[in-house]
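**Q** Here you go, structure.txt (compact mmCIF, C-alpha atoms):
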# COMPACT_ATOMS: atom_id res chain seq x y z
CA VAL J 1 121.39 160.45 215.32
CA ASP J 2 124.97 159.64 216.34
CA MET J 3 124.36 155.98 217.20
CA ILE J 4 121.65 153.48 218.03
CA GLY J 5 121.42 151.33 221.15
CA LEU J 6 119.44 148.11 221.58
CA SER J 7 118.71 146.59 225.00
CA GLY J 8 117.44 143.03 225.46
CA LEU J 9 115.94 141.72 228.68
CA ILE J 10 114.85 138.27 227.59
CA THR J 11 115.66 135.58 224.98
CA PRO J 12 113.37 136.64 222.06
CA SER J 13 115.09 140.05 222.08
CA LEU J 14 118.23 138.39 220.70
CA ASP J 15 116.59 137.48 217.41
CA GLU J 16 115.09 140.97 217.13
CA MET J 17 118.57 142.45 217.54
CA VAL J 18 119.90 140.30 214.69
CA PHE J 19 116.94 141.41 212.55
CA VAL J 20 117.44 145.10 213.39
CA ALA J 21 121.14 144.91 212.53
CA ARG J 22 120.39 143.34 209.14
CA GLU J 23 117.66 145.91 208.46
CA MET J 24 120.04 148.74 209.32
CA GLN J 25 122.49 147.28 206.80
CA ARG J 26 119.77 146.87 204.16
CA GLN J 27 118.42 150.39 204.66
CA GLY J 28 121.85 152.01 204.55
CA PHE J 29 122.33 153.12 208.14
CA THR J 30 125.88 154.28 208.86
CA VAL J 31 125.88 154.87 212.63
CA PRO J 32 127.40 152.62 215.32
CA LEU J 33 125.12 150.02 216.92
CA LEU J 34 125.39 149.41 220.68
CA ILE J 35 124.13 146.13 222.17
CA GLY J 36 123.32 145.59 225.86
CA GLY J 37 120.88 144.13 228.36
CA ALA J 38 120.52 141.14 230.64
CA THR J 39 120.15 138.49 227.93
CA THR J 40 122.96 139.71 225.66
CA SER J 41 126.61 138.70 225.57
CA LYS J 42 129.82 139.48 223.75
CA THR J 43 129.66 136.05 222.10
CA HIS J 44 126.16 136.56 220.71
CA THR J 45 127.10 140.04 219.53
CA ALA J 46 130.25 138.83 217.78
CA VAL J 47 128.78 135.65 216.27
CA LYS J 48 125.21 136.66 215.41
CA ILE J 49 124.90 140.46 215.24
CA GLU J 50 128.14 142.02 214.01
CA PRO J 51 128.38 139.95 210.80
CA GLY J 52 125.00 141.35 209.73
CA TYR J 53 125.99 145.02 209.99
CA SER J 54 129.20 146.19 208.31
CA ASN J 55 128.34 149.85 207.63
CA ASN J 56 129.71 150.79 211.05
CA GLN J 57 130.82 149.11 214.25
CA VAL J 58 128.64 146.92 216.48
CA VAL J 59 129.72 147.13 220.13
CA TYR J 60 128.63 144.99 223.06
CA VAL J 61 128.29 147.11 226.22
CA LEU J 62 128.46 145.04 229.39
CA ASP J 63 126.32 147.40 231.47
CA ALA J 64 124.89 150.92 231.41
CA SER J 65 127.75 152.36 233.45
CA ARG J 66 130.15 151.62 230.57
CA ALA J 67 128.02 153.16 227.84
CA VAL J 68 129.42 156.66 228.33
CA GLY J 69 132.98 155.45 227.80
CA VAL J 70 132.07 153.50 224.68
CA VAL J 71 130.12 156.42 223.20
CA SER J 72 132.96 158.83 223.96
CA LYS J 73 135.48 156.66 222.11
CA LEU J 74 133.17 156.20 219.11
CA LEU J 75 132.64 159.97 218.87
CA SER J 76 136.30 160.87 219.41
CA ALA J 77 138.29 161.55 216.26
CA ALA J 78 141.47 160.69 218.14
CA GLU J 79 140.27 157.41 219.68
CA ARG J 80 137.66 156.02 217.30
CA ASP J 81 139.82 154.19 214.75
CA ALA J 82 141.92 152.38 217.36
CA PHE J 83 138.82 151.46 219.40
CA VAL J 84 137.01 150.07 216.33
CA ALA J 85 140.09 148.12 215.23
CA ASP J 86 140.52 146.62 218.70
CA THR J 87 136.82 145.71 218.85
CA LYS J 88 136.87 144.05 215.44
CA SER J 89 139.96 142.07 216.39
CA ASP J 90 138.42 141.06 219.71
CA TYR J 91 135.20 139.87 218.06
CA GLU J 92 137.14 137.87 215.50
CA ARG J 93 138.88 136.04 218.35
CA VAL J 94 135.49 135.42 219.97
CA ARG J 95 134.17 133.92 216.72
CA LEU J 96 137.21 131.68 216.39
CA ALA J 97 136.84 130.51 219.99
CA TYR J 98 133.12 129.92 219.41
CA GLY J 99 133.92 127.82 216.35
CA LYS J 100 136.41 125.73 218.30
CA GLY J 101 133.85 125.29 221.07
CA ASN J 102 131.35 123.97 218.55
CA SER J 103 133.87 121.32 217.49
CA GLN J 104 134.32 119.92 221.01
CA PRO J 105 133.10 116.33 221.47
CA ARG J 106 129.32 116.19 221.67
CA SER J 107 126.75 113.50 222.43
CA THR J 108 123.70 112.72 220.37
CA LEU J 109 120.43 113.03 222.26
CA VAL J 110 120.16 109.23 222.35
CA GLU J 111 123.65 108.95 223.85
CA ALA J 112 122.94 111.73 226.34
CA ARG J 113 119.76 110.02 227.51
CA GLN J 114 121.63 106.76 227.93
CA ASN J 115 124.00 108.68 230.22
CA ARG J 116 121.22 110.30 232.26
CA TYR J 117 121.56 110.97 235.98
CA THR J 118 120.09 108.03 237.88
CA ILE J 119 118.61 108.17 241.37
CA ASP J 120 117.74 105.15 243.48
CA PHE J 121 114.23 106.27 244.42
CA ALA J 122 113.67 103.04 246.37
CA ALA J 123 116.59 103.86 248.67
CA GLU J 124 115.58 107.53 248.96
CA PRO J 125 111.82 107.62 248.31
CA PRO J 126 110.14 110.94 247.47
CA VAL J 127 108.36 112.77 250.28
CA LYS J 128 104.68 113.61 249.77
CA PRO J 129 103.81 117.31 250.28
CA ALA J 130 101.76 118.29 253.31
CA PHE J 131 98.96 119.42 250.98
CA MET J 132 98.06 119.33 247.28
CA GLY J 133 96.93 122.26 245.18
CA LEU J 134 97.50 125.97 245.70
CA LYS J 135 98.12 128.29 248.62
CA THR J 136 98.09 132.07 248.16
CA PHE J 137 99.96 134.68 250.20
CA SER J 138 98.44 138.11 249.63
CA PRO J 139 99.83 140.24 251.07
CA TYR J 140 103.02 138.72 252.49
CA ASP J 141 104.76 140.39 255.43
CA LEU J 142 107.44 142.72 254.04
CA ASP J 143 109.22 142.87 257.40
CA ASP J 144 109.84 139.11 257.18
CA LEU J 145 111.20 139.52 253.66
CA ALA J 146 113.56 142.32 254.71
CA ALA J 147 115.20 139.89 257.14
CA HIS J 148 115.96 137.52 254.24
CA ILE J 149 117.62 140.06 251.91
CA ASP J 150 120.89 138.97 250.30
CA TRP J 151 122.75 142.27 249.99
CA THR J 152 125.67 141.10 247.84
CA PRO J 153 123.74 141.23 244.51
CA PHE J 154 122.39 144.66 245.51
CA PHE J 155 125.90 146.10 245.42
CA ALA J 156 126.61 144.33 242.14
CA THR J 157 123.67 146.27 240.65
CA TRP J 158 125.66 149.42 241.34
CA GLU J 159 128.91 147.96 239.95
CA LEU J 160 130.43 147.62 243.41
CA ALA J 161 132.22 144.28 243.53
CA GLY J 162 132.53 142.37 246.77
CA ARG J 163 130.62 140.25 249.25
CA PHE J 164 128.47 141.76 251.95
CA PRO J 165 129.30 142.73 254.68
CA ALA J 166 133.04 142.64 253.87
CA ILE J 167 132.47 145.08 251.02
CA LEU J 168 131.76 147.83 253.57
CA GLU J 169 135.38 147.58 254.72
CA ASP J 170 136.92 147.24 251.26
CA ASP J 171 139.92 149.52 250.66
CA ILE J 172 138.69 150.54 247.20
CA VAL J 173 134.88 150.57 247.25
CA GLY J 174 134.19 150.42 251.00
CA GLU J 175 133.38 154.12 251.40
CA ALA J 176 130.96 154.16 248.44
CA ALA J 177 129.41 150.88 249.52
CA THR J 178 128.86 152.13 253.07
CA ALA J 179 127.16 155.29 251.84
CA LEU J 180 124.97 153.31 249.45
CA TYR J 181 124.06 150.82 252.16
CA ALA J 182 123.02 153.66 254.48
CA ASP J 183 120.78 155.11 251.77
CA ALA J 184 119.31 151.69 251.07
CA LYS J 185 118.57 150.96 254.72
CA ALA J 186 116.91 154.37 255.12
CA MET J 187 114.73 153.81 252.07
CA LEU J 188 113.95 150.23 253.13
CA LYS J 189 112.64 151.60 256.44
CA ARG J 190 110.31 153.93 254.54
CA ILE J 191 109.19 151.06 252.29
CA LEU J 192 108.25 149.02 255.37
CA ASP J 193 106.81 151.84 257.48
CA GLU J 194 104.84 153.51 254.69
CA LYS J 195 103.97 150.29 252.84
CA TRP J 196 105.24 151.47 249.48
CA PHE J 197 105.17 147.95 248.04
CA GLU J 198 102.88 144.97 248.39
CA ALA J 199 104.19 141.40 248.19
CA ARG J 200 101.97 138.63 246.83
CA GLY J 201 102.75 135.01 246.09
CA VAL J 202 101.33 131.60 245.31
CA VAL J 203 102.75 128.11 245.81
CA GLY J 204 101.43 124.81 244.45
CA PHE J 205 102.16 121.08 244.69
CA TRP J 206 101.02 118.30 242.38
CA PRO J 207 101.61 114.57 241.80
CA ALA J 208 104.19 114.15 239.02
CA ASN J 209 106.30 111.59 237.21
CA ALA J 210 109.04 111.62 234.57
CA ASN J 211 107.87 110.08 231.31
CA GLY J 212 111.24 108.88 229.95
CA ASP J 213 111.45 111.55 227.22
CA ASP J 214 112.94 114.27 229.44
CA ASP J 215 109.49 115.56 230.34
CA ILE J 216 107.59 115.72 233.64
CA GLU J 217 103.90 114.88 233.61
CA VAL J 218 101.79 116.73 236.20
CA TYR J 219 98.57 115.15 237.49
CA ALA J 220 95.44 116.50 239.17
CA ASP J 221 95.39 113.85 241.90
CA GLU J 222 96.90 110.58 243.08
CA THR J 223 95.04 108.53 240.48
CA ARG J 224 97.72 109.89 238.10
CA GLY J 225 95.50 109.59 235.05
CA ALA J 226 95.88 111.87 232.05
CA PRO J 227 98.32 114.69 232.84
CA ILE J 228 96.87 118.17 233.37
CA ALA J 229 100.18 119.71 232.26
CA THR J 230 103.68 118.75 231.15
CA PHE J 231 106.95 120.44 232.04
CA HIS J 232 109.42 119.96 229.19
CA THR J 233 113.10 119.84 230.10
CA LEU J 234 116.35 119.97 228.14
CA ARG J 235 119.36 117.67 228.49
CA GLN J 236 123.09 118.40 228.44
CA GLN J 237 124.82 117.19 225.27
CA MET J 238 128.49 117.81 226.01
CA LYS J 239 130.63 114.68 226.11
CA LYS J 240 131.59 113.98 229.70
CA ALA J 241 135.25 113.52 230.62
CA ARG J 242 134.61 110.86 233.25
CA ALA J 243 132.40 107.79 233.33
CA ASP J 244 130.74 108.94 236.56
CA GLN J 245 129.56 112.23 235.03
CA ALA J 246 125.99 112.30 233.73
CA ASN J 247 124.25 114.31 231.03
CA LEU J 248 121.69 116.04 233.20
CA ALA J 249 118.08 117.11 232.69
CA LEU J 250 115.68 118.34 235.36
CA SER J 251 113.42 115.36 234.67
CA ASP J 252 116.14 113.12 236.16
CA PHE J 253 115.20 114.44 239.61
CA ILE J 254 111.59 113.18 239.35
CA ALA J 255 110.77 109.49 239.76
CA PRO J 256 109.54 107.53 236.72
CA LYS J 257 106.00 106.22 236.47
CA GLY J 258 105.31 103.53 239.01
CA THR J 259 106.95 105.43 241.87
CA PRO J 260 104.84 108.24 243.38
CA ASP J 261 106.56 111.60 243.22
CA TRP J 262 105.56 115.25 243.32
CA ILE J 263 106.62 118.63 241.96
CA GLY J 264 106.02 122.16 243.19
CA GLY J 265 105.85 125.61 241.69
CA PHE J 266 105.80 129.19 242.86
CA ALA J 267 105.36 132.75 241.66
CA VAL J 268 106.12 135.71 243.91
CA THR J 269 106.35 139.47 243.53
CA ALA J 270 107.31 142.35 245.77
CA GLY J 271 106.74 144.84 242.97
CA HIS J 272 103.16 146.03 243.34
CA GLY J 273 103.72 149.76 243.79
CA GLU J 274 107.31 149.66 242.57
CA MET J 275 106.82 151.43 239.25
CA GLU J 276 104.62 154.14 240.76
CA ILE J 277 107.25 154.98 243.39
CA ALA J 278 109.98 155.01 240.72
CA ARG J 279 107.83 157.25 238.52
CA GLN J 280 107.33 159.74 241.36
CA PHE J 281 111.08 160.00 241.90
CA LYS J 282 111.76 160.40 238.16
CA GLU J 283 109.20 163.19 237.88
CA LYS J 284 111.22 165.05 240.49
CA GLY J 285 114.40 164.44 238.51
CA ASP J 286 115.66 162.04 241.17
CA ASP J 287 116.97 159.13 239.12
CA TYR J 288 119.18 157.89 241.96
CA ASN J 289 116.28 157.18 244.30
CA ALA J 290 114.18 155.81 241.43
CA ILE J 291 116.88 153.22 240.74
CA LEU J 292 117.35 152.60 244.47
CA ALA J 293 113.65 151.87 244.90
CA THR J 294 113.55 149.37 242.03
CA ALA J 295 116.77 147.73 243.23
CA LEU J 296 115.25 147.24 246.68
CA ALA J 297 112.05 145.85 245.16
CA ASP J 298 114.19 143.31 243.29
CA ARG J 299 115.97 142.33 246.52
CA LEU J 300 112.64 141.93 248.34
CA ALA J 301 111.31 139.72 245.53
CA GLU J 302 114.39 137.49 245.71
CA ALA J 303 114.04 137.46 249.50
CA PHE J 304 110.40 136.40 249.05
CA ALA J 305 111.49 133.47 246.87
CA GLU J 306 114.08 132.47 249.48
CA ALA J 307 111.74 132.86 252.46
CA LEU J 308 108.94 130.91 250.76
CA HIS J 309 111.33 128.13 249.74
CA LYS J 310 112.37 127.82 253.38
CA ARG J 311 108.73 127.47 254.40
CA VAL J 312 108.20 124.92 251.62
CA ARG J 313 111.06 122.77 252.86
CA ARG J 314 110.10 122.99 256.52
CA GLU J 315 106.29 123.05 256.53
CA LEU J 316 104.37 123.56 253.27
CA TRP J 317 105.96 120.51 251.63
CA GLY J 318 107.79 119.44 254.77
CA TYR J 319 110.55 117.29 253.28
CA ALA J 320 113.16 118.99 255.51
CA ALA J 321 111.14 119.75 258.63
CA ASP J 322 114.21 119.70 260.86
CA GLU J 323 116.19 122.21 258.77
CA ASP J 324 117.85 124.91 260.88
CA LEU J 325 119.89 127.28 258.72
CA ASP J 326 120.78 130.91 259.40
CA ILE J 327 120.68 133.58 256.68
CA ASP J 328 124.26 132.78 255.60
CA GLY J 329 123.35 129.10 255.21
CA LEU J 330 120.32 130.03 253.13
CA ILE J 331 122.35 132.31 250.86
CA ALA J 332 124.94 129.55 250.44
CA GLU J 333 122.09 127.15 249.46
CA LYS J 334 123.06 124.51 252.02
CA TYR J 335 119.52 123.12 252.02
CA LYS J 336 117.89 120.12 250.34
CA GLY J 337 116.06 120.63 247.09
CA ILE J 338 116.23 123.26 244.35
CA ARG J 339 113.97 125.92 242.79
CA PRO J 340 115.10 126.30 239.14
CA ALA J 341 113.40 128.94 237.01
CA PRO J 342 112.39 128.77 233.33
CA GLY J 343 114.78 130.85 231.27
CA TYR J 344 117.79 130.06 233.46
CA PRO J 345 120.66 127.57 232.95
CA ALA J 346 118.91 124.36 234.09
CA GLN J 347 115.87 125.12 231.86
CA PRO J 348 116.73 127.83 229.33
CA ASP J 349 113.27 127.81 227.71
CA HIS J 350 111.28 130.83 228.90
CA THR J 351 108.04 129.45 227.43
CA GLU J 352 107.77 126.96 230.29
CA LYS J 353 106.54 129.98 232.29
CA TRP J 354 103.22 129.65 230.44
CA THR J 355 102.70 126.19 231.92
CA LEU J 356 103.88 127.29 235.36
CA PHE J 357 101.65 130.39 235.46
CA ASP J 358 98.61 128.40 234.30
CA LEU J 359 99.08 125.70 236.95
CA LEU J 360 99.54 128.32 239.67
CA ASP J 361 96.70 130.56 238.47
CA ALA J 362 99.39 133.18 239.03
CA ARG J 363 97.71 136.03 237.20
CA ALA J 364 94.56 135.95 239.32
CA ARG J 365 96.27 135.11 242.61
CA THR J 366 99.26 137.46 242.49
CA GLY J 367 98.53 140.07 239.81
CA MET J 368 101.66 138.96 237.97
CA GLU J 369 101.64 138.90 234.16
CA LEU J 370 103.87 137.67 231.36
CA THR J 371 104.75 140.06 228.55
CA GLU J 372 104.83 139.02 224.90
CA SER J 373 108.54 138.26 225.33
CA LEU J 374 107.84 136.36 228.60
CA ALA J 375 109.33 138.88 230.99
CA MET J 376 107.42 138.98 234.27
CA THR J 377 105.56 142.05 235.49
CA PRO J 378 105.80 143.67 237.96
CA PRO J 379 109.55 143.59 237.23
CA ALA J 380 110.39 142.63 240.82
CA SER J 381 109.05 139.10 240.43
CA VAL J 382 110.43 135.57 240.66
CA SER J 383 108.93 132.23 239.60
CA GLY J 384 110.13 128.66 239.35
CA MET J 385 109.66 124.99 240.16
CA TYR J 386 110.37 123.03 243.34
CA PHE J 387 112.31 119.76 243.27
CA ALA J 388 112.51 118.12 246.68
CA HIS J 389 114.79 115.11 246.25
CA PRO J 390 118.09 115.44 248.14
CA LYS J 391 119.99 114.43 244.98
CA ALA J 392 118.48 117.32 243.00
CA HIS J 393 121.06 120.00 242.22
CA TYR J 394 121.63 122.97 239.97
CA PHE J 395 123.43 122.67 236.63
CA GLY J 396 123.60 124.33 233.24
CA VAL J 397 122.24 122.66 230.10
CA GLY J 398 124.83 124.39 227.93
CA LYS J 399 124.68 124.21 224.14
CA ILE J 400 122.35 121.74 222.44
CA GLU J 401 122.39 120.08 219.04
CA LYS J 402 119.84 119.95 216.22
CA ASP J 403 118.65 116.44 217.10
CA GLN J 404 117.52 117.65 220.52
CA VAL J 405 115.94 120.79 219.05
CA ALA J 406 113.89 118.63 216.66
CA ASP J 407 112.87 116.29 219.49
CA TYR J 408 111.99 119.20 221.76
CA ALA J 409 109.92 120.82 219.01
CA ARG J 410 107.97 117.56 218.59
CA ARG J 411 107.28 117.34 222.31
CA LYS J 412 106.22 121.00 222.53
CA GLY J 413 104.06 120.86 219.41
CA TRP J 414 106.27 123.41 217.65
CA THR J 415 107.97 123.60 214.29
CA VAL J 416 111.74 123.27 214.41
CA GLU J 417 111.94 126.94 213.41
CA GLU J 418 109.88 127.96 216.45
CA ALA J 419 112.10 125.91 218.73
CA GLU J 420 115.23 127.47 217.22
CA ARG J 421 113.81 130.95 217.82
CA TRP J 422 113.04 130.35 221.50
CA LEU J 423 116.24 128.39 222.14
CA SER J 424 118.50 130.61 220.04
CA PRO J 425 121.06 131.41 222.79
CA ILE J 426 121.86 127.74 223.46
CA LEU J 427 122.02 126.38 219.91
CA ASN J 428 125.35 124.77 219.04
CA TYR J 429 124.81 125.49 215.37
CA VAL J 430 123.64 128.34 213.16
CA PRO J 431 120.08 127.67 211.90
Starting from the file, lay out its structure as structure tokens.

**A**
Amino acid sequence: VDMIGLSGLITPSLDEMVFVAREMQRQGFTVPLLIGGATTSKTHTAVKIEPGYSNNQVVYVLDASRAVGVVSKLLSAAERDAFVADTKSDYERVRLAYGKGNSQPRSTLVEARQNRYTIDFAAEPPVKPAFMGLKTFSPYDLDDLAAHIDWTPFFATWELAGRFPAILEDDIVGEAATALYADAKAMLKRILDEKWFEARGVVGFWPANANGDDDIEVYADETRGAPIATFHTLRQQMKKARADQANLALSDFIAPKGTPDWIGGFAVTAGHGEMEIARQFKEKGDDYNAILATALADRLAEAFAEALHKRVRRELWGYAADEDLDIDGLIAEKYKGIRPAPGYPAQPDHTEKWTLFDLLDARARTGMELTESLAMTPPASVSGMYFAHPKAHYFGVGKIEKDQVADYARRKGWTVEEAERWLSPILNYVP
């Protein structure tokens, strides 16, 4: 074995990588360790992983296309020493910058809550959804989804930088992008004509109120008795530079008790059939078309989320019935309301998917599942919550402090150690 590579798709993988690195050190491994995957970063590699493995170099690899270059340098007698020295120096700078970042002014959780984002719900009252409960879409029209595809991220998957359609005319990557786009359109036609994939989704709306502790209580009906579920949210703790800047949490966008409000949720997939098609291509040695098929399934799933959100705004919830946006307006998110997803910047805790999937009955209604590490299957799947208020907007929680971790653990019914494991990427301290 010349080297070992670890790939992490979702948050719990980060702790496993730290553990593997320490075990490799303890057991006397002497090969390089490569780190990559959607949930990884150079900062996490430098701060958490590299210090645990000193027998050889740990290297963060931004994406699979760069792995060959990294491996070549590590195996080259002429290039290895300089590459390792540069990497070590780079990671030391990252650790120093991380340490300085940790020393930036921070708010306690109490202070952050006192500086919460406030909405005048009397002046802009919440809009009641057109119906309560669940609505299933199985199957959903793939032709409609194809019309909602945002092609720019598709090209990014192939390491072709630029916005669509301008990328097709780009002096550097235009020729490659045009060829790839032609292949994608040809395969998309086959997907639609031959029904390679099946799209299924579910949407739900429920009465809800914020409880004052950064959580959102969800109720079965308008009596708003005991909650049937609770969405837990996290609050920004960075000190704000201006007095008009708030420390945000998603619960700020839901009215407090005493004012009727509602929340929505969704789970959609365009991936039923995806893995079988990819497998067939791989068995023929056709990795290019296997990757192309999964990339298109991902785009159709994202298009499903976008198309369903449009229907939610205009008819299913109906809080923006007069909305009239073209595809460019949709991609630019010029609409009212947001659809944040657990595990992403506004709510970095992936475990909130458990609550969302249970409320939506997503497993039975869509065939979607959550893995042990809370990745969604089929892979081409999207889920999230709907916030309808016009003041709702996207943000990133950023790093959080130990007082919030302890409070969050109490609210979730966890130990502090459990909370630190699930929230590891956003901790502003080393547990």

**Q** Which is closest to J:Pro431 among J:Lys402, J:Lys282, J:Lys412, J:Lys239, if we use only C-alpha atoms?

**A**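 Of the candidates, the smallest distance to J:Pro431 is held by J:Lys402.
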
**Q** As an exercise, work out the distance from atom CA of J:Ala46 to atom CA of J:Val94 in Å and give it to one decimal place.

**A**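 So the answer is 6.6 Å.
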
**Q** Tell me, in Å to one decimal, how far atom CA of J:Tyr288 is from atom CA of J:Gly5.

**A**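 So the answer is 21.9 Å.
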
**Q** Neighbourhood query: residues within 9 Å of (127.8, 149.9, 238.0), file coordinates, counting only C-alpha atoms; return as a PyMOL selection string.

**A** chain J and resi 63-66+155-160

**Q** Around all of stretch 86-93 of chain J's listed atoms, make the axis-aligned box with 6 Å on each side and tell me centre and edge lengths in Å to one decimal, as lines of an AutoDock Vina configuration file.

**A**
center_x = 137.9
center_y = 141.3
center_z = 217.6
size_x = 17.3
size_y = 22.6
size_z = 16.3

**Q** Between atom CA of J:Glu217 and atom CA of J:Leu360, what is the distance, to one decimal in Å?

**A**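 Distance reported for this atom pair: 15.4 Å.
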
**Q** Which residue is closest to J:Tyr319? Choose from J:Asp90, J:Asp215, J:Glu50, J:Glu124 and count all atoms listed in the file.

**A**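 Going through J:Asp90, J:Asp215, J:Glu50, J:Glu124 one by one, the smallest distance to J:Tyr319 is for J:Glu124.
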
**Q** Show me, as a VMD selection string, the residues that have an atom within 7 Å of J:Ser107 when counting all atoms listed in the file, minus same-chain residues fewer than 4 positions from it.

**A** chain J and resid 111 to 112 237 to 239

**Q** Kindly indicate which residue among J:Ala77, J:Leu33, J:Val405, J:Ile291 lies nearest to J:Glu420, using all atoms listed in the file for the distances.

**A** J:Val405

**Q** Could you tell me which of J:Ala409, J:Leu308, J:Ala392, J:Val18 comes closest to J:Phe121 if we count all atoms listed in the file?

**A**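 Among the listed residues, J:Ala392 lies closest to J:Phe121.
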
**Q** Which is closer to J:Tyr98 than all the others in J:Ile277, J:Val47, J:Met132, J:Ile216, using all atoms listed in the file?

**A**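 Answer, going by the shortest atom-to-atom distance: J:Val47.
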